[in-house]
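Asks: target34.txt is reproduced in full below (compact mmCIF, C-alpha atoms).
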# COMPACT_ATOMS: atom_id res chain seq x y z
CA MET Z 1 30.45 20.84 -10.34
CA SER Z 2 33.67 19.10 -11.39
CA ASP Z 3 33.58 15.58 -12.81
CA ARG Z 4 34.71 14.06 -9.49
CA TYR Z 5 33.22 14.30 -6.01
CA GLU Z 6 34.10 12.75 -2.66
CA THR Z 7 31.77 12.08 0.26
CA ASP Z 8 31.23 9.67 3.12
CA VAL Z 9 27.96 8.23 1.81
CA LEU Z 10 26.34 8.28 -1.62
CA VAL Z 11 22.61 7.54 -1.53
CA VAL Z 12 21.11 6.58 -4.89
CA GLY Z 13 17.39 7.32 -5.06
CA SER Z 14 15.39 10.04 -3.30
CA GLY Z 15 12.30 8.01 -2.47
CA PRO Z 16 11.12 7.74 1.14
CA ALA Z 17 13.97 5.41 2.16
CA GLY Z 18 16.75 7.33 0.41
CA ALA Z 19 15.60 10.77 1.52
CA LEU Z 20 15.10 9.74 5.15
CA ILE Z 21 18.35 7.81 5.58
CA ALA Z 22 20.21 10.76 4.07
CA ASN Z 23 18.54 13.02 6.63
CA LEU Z 24 19.29 10.75 9.59
CA LEU Z 25 22.94 10.48 8.55
CA VAL Z 26 23.53 14.21 8.05
CA ARG Z 27 22.05 14.82 11.50
CA ARG Z 28 24.88 12.66 12.83
CA GLY Z 29 27.56 14.64 11.01
CA VAL Z 30 28.01 12.25 8.09
CA ASN Z 31 28.75 13.82 4.69
CA VAL Z 32 26.00 12.66 2.31
CA LEU Z 33 25.37 13.07 -1.41
CA LEU Z 34 21.80 12.15 -2.39
CA ALA Z 35 21.35 11.50 -6.12
CA GLU Z 36 17.90 11.28 -7.74
CA LYS Z 37 17.45 10.43 -11.41
CA GLY Z 38 14.20 12.38 -11.69
CA SER Z 39 14.20 16.12 -12.22
CA ASP Z 40 11.59 16.44 -9.45
CA ILE Z 41 10.08 14.30 -6.68
CA GLU Z 42 6.57 14.05 -8.09
CA ARG Z 43 5.23 10.52 -7.79
CA ASN Z 44 1.77 9.32 -8.84
CA PHE Z 45 0.11 6.13 -7.63
CA ARG Z 46 2.96 5.33 -5.26
CA GLY Z 47 2.45 4.03 -1.72
CA GLU Z 48 0.85 6.95 0.09
CA THR Z 49 -0.37 5.21 3.25
CA ILE Z 50 1.93 5.58 6.25
CA ALA Z 51 1.36 3.05 9.06
CA ALA Z 52 0.65 4.26 12.58
CA ARG Z 53 4.07 3.18 13.87
CA SER Z 54 5.78 5.12 11.10
CA VAL Z 55 3.63 8.16 11.90
CA LEU Z 56 4.89 8.00 15.51
CA THR Z 57 8.48 7.70 14.31
CA LEU Z 58 8.14 10.71 12.01
CA ARG Z 59 6.71 12.73 14.89
CA GLU Z 60 9.63 11.76 17.12
CA LEU Z 61 12.02 12.84 14.39
CA GLY Z 62 10.38 16.27 14.35
CA PHE Z 63 8.43 16.00 11.09
CA GLY Z 64 4.98 16.14 12.68
CA PRO Z 65 4.41 19.90 12.25
CA ARG Z 66 5.58 19.86 8.61
CA LEU Z 67 3.28 16.96 7.70
CA ALA Z 68 0.38 18.55 9.57
CA SER Z 69 0.89 21.86 7.76
CA HIS Z 70 0.53 20.02 4.45
CA GLY Z 71 -2.45 17.98 5.60
CA PHE Z 72 -3.33 14.29 5.41
CA VAL Z 73 -6.20 11.84 5.80
CA GLU Z 74 -6.32 9.65 8.91
CA LEU Z 75 -7.48 6.06 8.31
CA GLU Z 76 -9.66 4.77 11.12
CA GLY Z 77 -10.00 1.13 10.12
CA ILE Z 78 -10.29 -1.58 7.49
CA SER Z 79 -13.25 -3.62 6.28
CA PHE Z 80 -13.84 -6.66 4.05
CA TRP Z 81 -16.92 -6.69 1.80
CA GLU Z 82 -18.52 -9.46 -0.21
CA LYS Z 83 -21.93 -9.43 -1.96
CA GLY Z 84 -22.60 -6.00 -0.51
CA LYS Z 85 -22.13 -7.21 3.07
CA ASN Z 86 -19.46 -6.22 5.57
CA ILE Z 87 -17.89 -9.57 6.50
CA MET Z 88 -15.03 -8.30 8.65
CA SER Z 89 -14.04 -4.94 10.06
CA MET Z 90 -11.31 -3.62 12.31
CA ASP Z 91 -11.15 -0.32 14.16
CA TYR Z 92 -7.57 1.00 14.16
CA ARG Z 93 -8.46 3.21 17.11
CA ARG Z 94 -8.45 0.06 19.26
CA PHE Z 95 -4.74 -0.59 18.69
CA PRO Z 96 -2.51 0.22 21.70
CA ILE Z 97 -0.66 2.96 19.82
CA ASP Z 98 -1.12 6.72 19.98
CA ALA Z 99 -1.48 7.26 16.23
CA LEU Z 100 -3.56 6.31 13.21
CA PRO Z 101 -2.30 5.45 9.73
CA ILE Z 102 -2.35 8.46 7.43
CA ASP Z 103 -2.59 9.00 3.70
CA ILE Z 104 -0.27 11.72 2.44
CA PRO Z 105 1.27 12.25 -1.01
CA GLN Z 106 4.84 10.99 -1.22
CA PRO Z 107 6.20 14.31 -2.56
CA ALA Z 108 5.08 16.04 0.66
CA MET Z 109 6.91 13.55 2.84
CA ILE Z 110 10.04 13.36 0.69
CA GLY Z 111 10.11 17.15 0.44
CA ALA Z 112 10.01 17.39 4.23
CA PHE Z 113 13.00 15.05 4.52
CA ASN Z 114 15.05 16.82 1.86
CA ASP Z 115 14.27 20.31 3.14
CA SER Z 116 15.38 19.26 6.62
CA SER Z 117 18.62 17.84 5.20
CA ALA Z 118 19.29 21.03 3.22
CA ALA Z 119 19.73 22.89 6.52
CA TYR Z 120 22.96 20.94 7.11
CA PRO Z 121 26.22 21.93 5.36
CA ASN Z 122 27.24 18.27 5.02
CA PHE Z 123 24.32 17.46 2.68
CA LYS Z 124 24.17 17.74 -1.10
CA LEU Z 125 21.21 16.85 -3.35
CA LEU Z 126 21.62 16.23 -7.07
CA MET Z 127 18.40 16.05 -9.12
CA GLY Z 128 18.43 14.58 -12.61
CA TYR Z 129 21.51 12.42 -11.95
CA GLN Z 130 21.14 8.80 -12.96
CA PHE Z 131 23.25 5.90 -11.67
CA THR Z 132 25.29 4.24 -14.44
CA ALA Z 133 27.94 2.06 -12.76
CA LEU Z 134 29.59 1.07 -9.51
CA ILE Z 135 33.25 1.85 -8.93
CA GLU Z 136 34.74 -1.44 -7.80
CA GLU Z 137 38.31 -2.21 -6.83
CA SER Z 138 39.52 -5.53 -5.41
CA ASP Z 139 35.93 -6.71 -4.86
CA THR Z 140 35.15 -3.57 -2.83
CA ILE Z 141 32.69 -0.84 -3.82
CA LYS Z 142 34.34 2.57 -3.65
CA GLY Z 143 31.65 4.76 -5.16
CA ALA Z 144 29.59 5.08 -8.31
CA ARG Z 145 29.35 6.90 -11.61
CA LEU Z 146 26.37 9.11 -12.32
CA GLU Z 147 25.15 10.72 -15.52
CA GLY Z 148 23.91 14.28 -15.17
CA PRO Z 149 21.06 16.06 -16.98
CA ASP Z 150 23.38 17.20 -19.78
CA GLY Z 151 24.94 13.77 -20.25
CA GLN Z 152 28.08 14.59 -18.27
CA THR Z 153 29.64 11.85 -16.12
CA LEU Z 154 30.20 12.45 -12.42
CA GLU Z 155 32.49 10.07 -10.54
CA VAL Z 156 31.50 9.92 -6.86
CA ARG Z 157 34.00 8.37 -4.46
CA SER Z 158 32.43 7.31 -1.18
CA ARG Z 159 32.94 5.02 1.79
CA LEU Z 160 29.44 3.63 1.35
CA VAL Z 161 26.94 3.51 -1.50
CA ILE Z 162 23.34 3.06 -0.36
CA ALA Z 163 21.01 1.69 -3.02
CA ALA Z 164 17.54 3.15 -2.41
CA ASP Z 165 16.52 3.14 -6.06
CA GLY Z 166 13.40 1.02 -5.85
CA ARG Z 167 11.92 -2.26 -6.98
CA PHE Z 168 13.84 -2.31 -10.30
CA SER Z 169 17.11 -1.21 -8.64
CA ALA Z 170 19.88 -0.56 -11.15
CA VAL Z 171 22.42 -0.52 -8.32
CA ARG Z 172 21.33 -3.98 -7.18
CA LYS Z 173 21.74 -5.32 -10.70
CA ALA Z 174 25.21 -3.81 -10.99
CA SER Z 175 26.22 -5.17 -7.56
CA ARG Z 176 25.66 -8.82 -8.51
CA LEU Z 177 23.60 -9.28 -5.34
CA LYS Z 178 20.94 -11.66 -6.57
CA ALA Z 179 17.25 -11.13 -5.97
CA LYS Z 180 14.71 -13.95 -5.94
CA ILE Z 181 11.75 -12.55 -7.87
CA THR Z 182 8.40 -14.23 -7.11
CA PRO Z 183 5.51 -13.03 -9.30
CA MET Z 184 2.14 -12.92 -7.61
CA GLU Z 185 -0.79 -14.49 -9.43
CA ARG Z 186 -2.29 -11.08 -10.19
CA ASP Z 187 -1.36 -7.51 -11.05
CA PHE Z 188 -3.08 -4.21 -10.30
CA VAL Z 189 -4.56 -1.25 -12.14
CA TRP Z 190 -4.79 1.89 -9.97
CA PHE Z 191 -7.02 4.91 -10.48
CA LYS Z 192 -8.36 7.86 -8.49
CA PHE Z 193 -11.48 9.99 -8.45
CA PRO Z 194 -13.35 12.29 -6.01
CA ARG Z 195 -14.42 10.74 -2.71
CA PRO Z 196 -18.20 10.83 -2.14
CA SER Z 197 -19.42 12.88 0.79
CA GLY Z 198 -19.74 10.78 3.95
CA TRP Z 199 -17.48 7.96 2.72
CA ALA Z 200 -15.89 6.21 5.70
CA HIS Z 201 -12.23 7.00 6.47
CA GLU Z 202 -11.24 3.35 6.22
CA SER Z 203 -9.52 0.97 3.82
CA GLN Z 204 -12.01 -1.34 2.11
CA LEU Z 205 -11.48 -4.66 0.38
CA VAL Z 206 -14.38 -5.59 -1.94
CA VAL Z 207 -14.29 -9.19 -3.17
CA LYS Z 208 -16.20 -11.28 -5.69
CA LYS Z 209 -14.77 -14.77 -6.21
CA ASP Z 210 -11.14 -14.19 -7.30
CA ARG Z 211 -11.60 -10.52 -8.21
CA HIS Z 212 -11.24 -7.68 -5.77
CA LEU Z 213 -10.95 -3.94 -5.31
CA VAL Z 214 -8.81 -2.14 -2.76
CA ILE Z 215 -10.45 1.19 -1.92
CA LEU Z 216 -8.42 3.77 0.02
CA PRO Z 217 -9.38 7.29 1.12
CA THR Z 218 -6.67 9.51 -0.30
CA TYR Z 219 -5.60 13.08 0.45
CA PRO Z 220 -7.16 15.52 0.05
CA ASP Z 221 -10.64 14.29 -0.96
CA LEU Z 222 -10.12 11.34 -3.29
CA LEU Z 223 -10.54 7.59 -3.44
CA ARG Z 224 -7.53 5.60 -4.63
CA ILE Z 225 -8.65 2.25 -6.02
CA GLY Z 226 -6.71 -0.84 -7.00
CA TYR Z 227 -8.36 -3.37 -9.32
CA ASN Z 228 -6.75 -6.78 -9.63
CA LEU Z 229 -6.04 -8.43 -12.98
CA PRO Z 230 -4.74 -11.91 -13.81
CA LYS Z 231 -0.96 -11.95 -14.19
CA LYS Z 232 -0.05 -10.46 -17.59
CA GLY Z 233 -3.76 -9.66 -18.07
CA PHE Z 234 -3.40 -5.92 -18.66
CA GLY Z 235 -2.97 -6.40 -22.40
CA ASP Z 236 -6.19 -8.41 -22.62
CA ALA Z 237 -8.02 -5.76 -20.59
CA ARG Z 238 -6.86 -3.05 -22.98
CA LYS Z 239 -8.05 -5.10 -25.96
CA GLN Z 240 -11.51 -5.43 -24.39
CA GLY Z 241 -11.64 -1.67 -24.00
CA ILE Z 242 -12.10 0.91 -21.28
CA SER Z 243 -15.89 0.46 -21.29
CA ALA Z 244 -15.56 -3.21 -20.36
CA PHE Z 245 -13.10 -2.24 -17.64
CA ARG Z 246 -15.57 0.27 -16.19
CA ASP Z 247 -18.33 -2.35 -16.25
CA SER Z 248 -16.12 -4.85 -14.43
CA VAL Z 249 -15.32 -2.35 -11.66
CA SER Z 250 -18.99 -1.44 -11.31
CA ASP Z 251 -19.93 -5.12 -11.15
CA LEU Z 252 -17.60 -5.55 -8.19
CA ASP Z 253 -18.89 -2.47 -6.36
CA PRO Z 254 -22.07 -0.82 -7.71
CA ARG Z 255 -21.47 2.16 -5.40
CA LEU Z 256 -18.69 3.23 -7.78
CA LYS Z 257 -20.61 2.98 -11.07
CA ASP Z 258 -21.39 6.66 -11.63
CA LEU Z 259 -17.91 7.77 -10.49
CA VAL Z 260 -16.13 5.26 -12.72
CA ASN Z 261 -18.22 6.20 -15.76
CA GLN Z 262 -17.59 9.90 -15.16
CA HIS Z 263 -13.88 9.90 -14.33
CA ILE Z 264 -12.31 6.89 -16.11
CA GLN Z 265 -12.49 7.96 -19.75
CA SER Z 266 -9.34 6.27 -21.04
CA TRP Z 267 -6.42 4.14 -19.91
CA ASN Z 268 -4.55 7.39 -19.31
CA ASP Z 269 -6.73 7.79 -16.22
CA THR Z 270 -5.22 4.60 -14.76
CA SER Z 271 -1.79 3.33 -13.74
CA PHE Z 272 -0.57 -0.26 -14.08
CA LEU Z 273 1.45 -1.95 -11.31
CA GLU Z 274 3.12 -5.34 -11.75
CA ILE Z 275 2.91 -7.28 -8.48
CA PHE Z 276 5.86 -9.36 -7.31
CA THR Z 277 8.07 -9.85 -4.31
CA ALA Z 278 11.86 -9.59 -4.43
CA GLU Z 279 13.96 -11.24 -1.74
CA VAL Z 280 17.69 -10.60 -1.52
CA ASP Z 281 19.57 -12.95 0.80
CA GLN Z 282 22.56 -10.61 1.08
CA TRP Z 283 21.90 -6.87 1.38
CA SER Z 284 25.50 -5.66 1.60
CA ARG Z 285 28.97 -5.88 0.17
CA ASP Z 286 32.04 -4.01 1.33
CA GLY Z 287 31.16 -0.42 0.51
CA LEU Z 288 27.52 -1.12 -0.46
CA LEU Z 289 24.10 -1.48 1.21
CA LEU Z 290 20.66 -2.13 -0.28
CA ILE Z 291 17.57 -0.78 1.51
CA GLY Z 292 13.85 -0.42 0.85
CA ASP Z 293 12.39 -1.95 -2.30
CA ALA Z 294 15.90 -2.47 -3.67
CA SER Z 295 16.37 -5.23 -1.08
CA HIS Z 296 12.82 -6.42 -0.31
CA THR Z 297 10.01 -5.52 -2.70
CA ALA Z 298 6.63 -6.24 -1.08
CA THR Z 299 3.10 -6.60 -2.44
CA PRO Z 300 0.54 -3.78 -1.95
CA ILE Z 301 -1.40 -5.78 0.68
CA LEU Z 302 -1.70 -3.65 3.84
CA GLY Z 303 0.51 -1.02 2.18
CA GLN Z 304 3.68 -2.22 3.89
CA GLY Z 305 6.30 -1.32 1.24
CA VAL Z 306 6.91 2.29 2.27
CA ASN Z 307 6.74 1.42 5.96
CA LEU Z 308 9.31 -1.37 5.65
CA ALA Z 309 11.54 1.11 3.82
CA LEU Z 310 11.21 3.72 6.58
CA GLN Z 311 11.98 1.06 9.17
CA ASP Z 312 15.18 0.18 7.30
CA THR Z 313 16.44 3.73 7.67
CA ILE Z 314 15.74 3.81 11.42
CA TYR Z 315 17.63 0.60 11.99
CA PHE Z 316 20.58 1.27 9.70
CA ALA Z 317 21.32 4.98 10.22
CA PRO Z 318 22.89 4.74 13.71
CA VAL Z 319 24.78 1.58 12.72
CA ILE Z 320 26.23 3.25 9.63
CA ALA Z 321 27.21 6.43 11.46
CA GLN Z 322 28.98 4.50 14.23
CA ALA Z 323 30.73 2.17 11.80
CA LEU Z 324 32.04 5.13 9.80
CA LYS Z 325 33.57 6.54 13.00
CA ASN Z 326 35.09 3.21 13.98
CA SER Z 327 36.76 2.40 10.65
CA VAL Z 328 38.64 3.87 7.72
CA GLY Z 329 38.02 3.34 4.05
CA PRO Z 330 34.97 1.58 2.60
CA LEU Z 331 32.50 0.37 5.19
CA PRO Z 332 32.82 -3.41 5.62
CA ALA Z 333 29.74 -5.56 5.03
CA SER Z 334 30.39 -7.23 8.39
CA ALA Z 335 29.39 -3.98 10.11
CA LEU Z 336 26.00 -3.97 8.37
CA GLU Z 337 25.05 -7.65 8.18
CA PRO Z 338 23.73 -8.11 11.77
CA THR Z 339 21.20 -5.33 11.20
CA ALA Z 340 20.36 -6.66 7.75
CA ARG Z 341 19.71 -10.08 9.26
CA GLU Z 342 17.27 -8.57 11.76
CA ARG Z 343 15.47 -6.64 9.04
CA ARG Z 344 15.22 -9.73 6.79
CA ALA Z 345 13.55 -11.66 9.60
CA HIS Z 346 10.90 -8.97 10.04
CA LYS Z 347 10.34 -8.67 6.29
CA ALA Z 348 9.91 -12.47 6.06
CA MET Z 349 7.15 -12.31 8.68
CA VAL Z 350 5.33 -9.55 6.79
CA THR Z 351 5.73 -11.34 3.44
CA LYS Z 352 4.38 -14.60 4.86
CA PHE Z 353 1.27 -12.79 6.08
CA GLN Z 354 0.84 -11.01 2.73
CA ARG Z 355 1.10 -14.27 0.77
CA LEU Z 356 -1.52 -15.89 2.99
CA GLN Z 357 -3.85 -12.98 2.27
CA GLU Z 358 -3.10 -13.12 -1.46
CA ALA Z 359 -3.96 -16.85 -1.50
CA ASN Z 360 -7.14 -16.08 0.43
CA LEU Z 361 -8.20 -13.50 -2.17
CA ALA Z 362 -7.44 -15.79 -5.12
CA HIS Z 363 -10.20 -18.33 -4.39
CA SER Z 364 -12.63 -18.68 -7.29
CA SER Z 365 -14.54 -21.92 -6.60
CA ALA Z 366 -17.80 -21.99 -4.66
CA LEU Z 367 -16.16 -24.01 -1.89
CA GLY Z 368 -13.11 -21.75 -1.73
CA THR Z 369 -15.15 -18.56 -1.52
CA MET Z 370 -17.45 -20.11 1.09
CA MET Z 371 -14.47 -21.12 3.23
CA ARG Z 372 -12.96 -17.64 2.85
CA ARG Z 373 -16.21 -16.07 3.97
CA ALA Z 374 -16.36 -18.38 6.99
CA ARG Z 375 -12.74 -17.60 7.95
CA MET Z 376 -13.30 -13.87 7.70
CA ARG Z 377 -16.44 -14.07 9.83
CA LEU Z 378 -14.61 -16.12 12.47
CA LEU Z 379 -11.76 -13.61 12.42
CA ASN Z 380 -14.24 -10.79 12.84
CA LEU Z 381 -15.58 -12.41 16.02
CA ASN Z 382 -12.13 -13.17 17.43
CA PRO Z 383 -10.70 -10.42 19.69
CA ALA Z 384 -7.21 -11.82 18.98
CA LYS Z 385 -7.43 -10.22 15.53
CA TYR Z 386 -6.17 -6.98 17.07
CA ARG Z 387 -3.07 -8.65 18.51
CA LEU Z 388 -2.28 -10.32 15.18
CA MET Z 389 -2.73 -7.20 13.08
CA ASP Z 390 -0.91 -5.04 15.61
CA LYS Z 391 2.11 -7.32 15.26
CA VAL Z 392 2.08 -7.06 11.47
CA MET Z 393 1.15 -3.40 11.03
CA ASN Z 394 2.64 -1.70 14.09
CA ALA Z 395 5.91 -3.49 14.78
CA PRO Z 396 8.18 -1.28 16.94
CA HIS Z 397 10.99 0.49 15.10
CA ASN Z 398 13.35 0.20 18.07
CA MET Z 399 14.52 3.73 17.38
CA PRO Z 400 17.47 4.65 19.62
CA MET Z 401 17.27 8.01 21.35
CA GLU Z 402 20.20 9.35 19.37
CA ALA Z 403 18.05 9.02 16.23
CA VAL Z 404 16.22 12.21 17.14
CA HIS Z 405 19.36 14.36 17.51
CA GLY Z 406 19.04 17.35 15.22
CA ARG Z 407 15.32 18.00 14.96
CA ALA Z 408 13.79 18.40 11.53
CA ALA Z 409 14.26 21.86 10.11
What's the C-alpha cells form of this structure?
Replies:
Amino acid sequence: MSDRYETDVLVVGSGPAGALIANLLVRRGVNVLLAEKGSDIERNFRGETIAARSVLTLRELGFGPRLASHGFVELEGISFWEKGKNIMSMDYRRFPIDALPIDIPQPAMIGAFNDSSAAYPNFKLLMGYQFTALIEESDTIKGARLEGPDGQTLEVRSRLVIAADGRFSAVRKASRLKAKITPMERDFVWFKFPRPSGWAHESQLVVKKDRHLVILPTYPDLLRIGYNLPKKGFGDARKQGISAFRDSVSDLDPRLKDLVNQHIQSWNDTSFLEIFTAEVDQWSRDGLLLIGDASHTATPILGQGVNLALQDTIYFAPVIAQALKNSVGPLPASALEPTARERRAHKAMVTKFQRLQEANLAHSSALGTMMRRARMRLLNLNPAKYRLMDKVMNAPHNMPMEAVHGRAA
C-alpha cells in the first residue's frame, strides 16, 4: 500500500461498534476503511453478553446463522442473592420479545461482521494499524494518520472519521471533544473457570454488605465472575496475596470455594477492569463522529456497554449514508447531531439506572443493607419489574428497513 489512501469513511477500531458500522455502511455502497491497532481480534474479559434486543437486530441483519454455527449460551434470567438466599429473581422468558440475551465471545461476533464486509469491494480492513493523529484543516477533520506494523505512516483522507476505539479513545483525545469522566466507587477483577454441571443459565448477583460478585454463564461451559474492589484497591489486594483473594471470593459465595482454589493460582488468572463512566456532550465535529465507548463509556451493570455500542451503529449508519449522498466534502456535524442527541438521551436513562444500582450495592451499614434487602424483596413481588427492566434492557433499536439491505455474507 502507498503512504496515502482515500475513502469515504475511515473507522478507527474494530470492536463491535466499529466492525458493525463498517458493515452497515458498505452494504449501502459507502467506501469504508476499517483500521484496527491489534494484529488480531482476540479479546479476553470483554463484554460478551448481548441483550435480547441486540440479538433480534443481528438476526434481522442476517447474522443469525453465523452466530448459531459458532454457538452461544442463552441467559434465561437474573437473580439477586444475599446470605445464601434468593432475594429477587427475574425470568427473561417473560419479556415481550422473541429472543433471550446470549453470551458469545466477542471475536466470533466481530469476525462475523468483518467477514460479511469482506464480501464487498468497497471495504478494506487494515490490522495492526494504530491511529496517531487527525488531519485537520480550517477546523474540519479531513482524515487521519495511521502507523502500520512496520512503523510506516499511512495518511488516510476521508469525508468522515468514525472513532470506535473504545473507552480510552485516542481519537477522542485528539479531537478536543471533552469527556466528563466519573469514577465509580469500586473497580472489578474478572476471572473465569469451568461451570458446574446443572448451574442455572442466569446472571447472578451475590451480595454481602458492600461487596458483591457478578456471576455469568459464559460460552461454552464457563462461569465469568466479577469481584468488586474499592476504588484503587487492586494494589492492596495484590499485596495481601492471591490466597486472601480466594478466601474473600469464597466468603461471598461458598459454592465457588473449590473452583476458586483449583483455578485461580495467580493474578495472571484474573483481569482488572477500572470502572468509570465517560459522558461526552458533543459527539461530532465536521468530518468526525464518536460512537460506542469512545462517546459514552458505561459501567458493567446489566452488561449494557456493547449493546449501547451496537445501537449507535443502527441509528447512525443510515444517517451517515444519506448525508454522504446529499453533500460533498467532509460530512458536517449538523447532519449527525440530531441522531447523537437522541442517542445521548437514551444513554442518560441507562446510566441513571446503573448509578442507582451501584449506589444500592455500595451499602455497608446494617440499616443500609436491611433497606436494600427490603427494596429487593418488594421489587420481586411487584409485577411492574418486568416493564421497568424491559425498558432498560430491551429498548427498540428503531432499525429502518433499509438497514437490512445486503444480507450478511
Asks: Which neighbours of Pro101 (chain Z) fall inside 9 Å, counting all atoms listed in the file, when residues of the same chain fewer than 4 positions from it are skipped, and could you give them as a VMD selection string?
Replies: chain Z and resid 49 to 55 73 to 77 92
Asks: Which polymer residues have any atom within 9 Å of an atom of Asp286 (chain Z), counting all atoms listed in the file, with same-chain residues fewer than 5 positions away left out, as a PyMOL selection string?
Replies: chain Z and resi 139-142+160+330-334
Asks: Using only C-alpha atoms, which residue out of Z:Lys231, Z:Leu223, Z:Leu20, Z:Glu42 lies closest to Thr57 (chain Z)?
Replies: Z:Leu20
Asks: Where's the centre, and what are the edge lengths in Å to one decimal, of a box along x, y and z enclosing all listed atoms of region 73-82 of chain Z padded 8 Å per side, as lines of an AutoDock Vina configuration file?
Replies:
center_x = -12.4
center_y = 1.2
center_z = 5.5
size_x = 28.3
size_y = 37.3
size_z = 27.3
Asks: Quick one: residues within 10 Å of (27.9, -8.4, -5.9) (file frame), counting only C-alpha atoms, please, as a PyMOL selection string.
Replies: chain Z and resi 136+139-141+171-178+282-286+288
Asks: List the spatial neighbours of Ser266 (chain Z) as a list of chain:residue names - criterion: any atom at most 10 Å away, only C-alpha atoms, same-chain residues fewer than 5 positions off excluded.
Replies: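 Non-adjacent residues within range: Z:Arg238, Z:Gly241, Z:Ile242, Z:Ser243, Z:Phe245, Z:Arg246.
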Asks: Give me the residues within 8 Å of Glu279 (chain Z) as a tab-separated table (two decimals) with C-alpha atoms, in the frame of the given file, counting all atoms listed in the file and dropping any in the same chain fewer than 6 places off.
Replies:
chain	number	residue	atom	x	y	z
Z	179	ALA	CA	17.25	-11.13	-5.97
Z	180	LYS	CA	14.71	-13.95	-5.94
Z	181	ILE	CA	11.75	-12.55	-7.87
Z	295	SER	CA	16.37	-5.23	-1.08
Z	296	HIS	CA	12.82	-6.42	-0.31
Z	297	THR	CA	10.01	-5.52	-2.70
Asks: Given the choices Z:Leu324, Z:Asn23, Z:Gly235, Z:Leu134, which gets closest to Ala118 (chain Z) if the distance is worked out from all atoms listed in the file?
Replies: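 Ranked by minimum distance to Ala118 (chain Z), first place goes to Z:Asn23.
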Asks: Distance CA of Leu229 (chain Z)-CA of Gly368 (chain Z), one decimal place?
Replies: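 These atoms are spaced 18.8 Å apart.
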Asks: May I ask for the distance between CA of Ile102 (chain Z) and CA of Leu61 (chain Z), given in Å to one decimal place?
Replies: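 Straight-line distance from CA of Ile102 (chain Z) to CA of Leu61 (chain Z) works out to 16.6 Å.
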Asks: Determine the nearest neighbour of Asp150 (chain Z) from the options Z:Phe272, Z:Phe168, Z:Tyr129, Z:Phe113, counting only C-alpha atoms.
Replies: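 Residue with the minimum atom-to-atom distance to Asp150 (chain Z): Z:Tyr129.
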Asks: Neighbours of Ser197 (chain Z) within 12 Å (only C-alpha atoms; same-chain residues fewer than 3 positions away dropped), as a PyMOL selection string?
Replies: chain Z and resi 194+200-201+217+221-223
Asks: Rounded to one decimal, what separation in Å do you get between CA of Asp269 (chain Z) and CA of Pro254 (chain Z)?
Replies: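 Between these atoms lies a distance of 19.5 Å.
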Asks: Show me the residues close to (8.3, 5.2, -0.2) - anything with an atom within 6 Å, counting only C-alpha atoms - and format the list as an mmCIF file with C-alpha atoms, in the coordinates of the input.
Replies:
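Contents of out.cif, freshly written:
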data_model
loop_
_atom_site.group_PDB
_atom_site.id
_atom_site.type_symbol
_atom_site.label_atom_id
_atom_site.label_comp_id
_atom_site.auth_asym_id
_atom_site.auth_seq_id
_atom_site.Cartn_x
_atom_site.Cartn_y
_atom_site.Cartn_z
ATOM 1 C CA GLY Z 15 12.300 8.010 -2.470
ATOM 2 C CA PRO Z 16 11.120 7.740 1.140
ATOM 3 C CA VAL Z 306 6.910 2.290 2.270
#
Asks: Hey, which of Z:Arg94, Z:Arg343, Z:Val280, Z:Gly13 ends up closest to Ala170 (chain Z)? Count only C-alpha atoms.
Replies: Z:Gly13
Asks: From the list Z:Ala133, Z:Ala112, Z:Met88, Z:Leu67, which residue is nearest Leu205 (chain Z) when using only C-alpha atoms?
Replies: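 Checking each of Z:Ala133, Z:Ala112, Z:Met88, Z:Leu67 against Leu205 (chain Z), counting only C-alpha atoms, the winner is Z:Met88.
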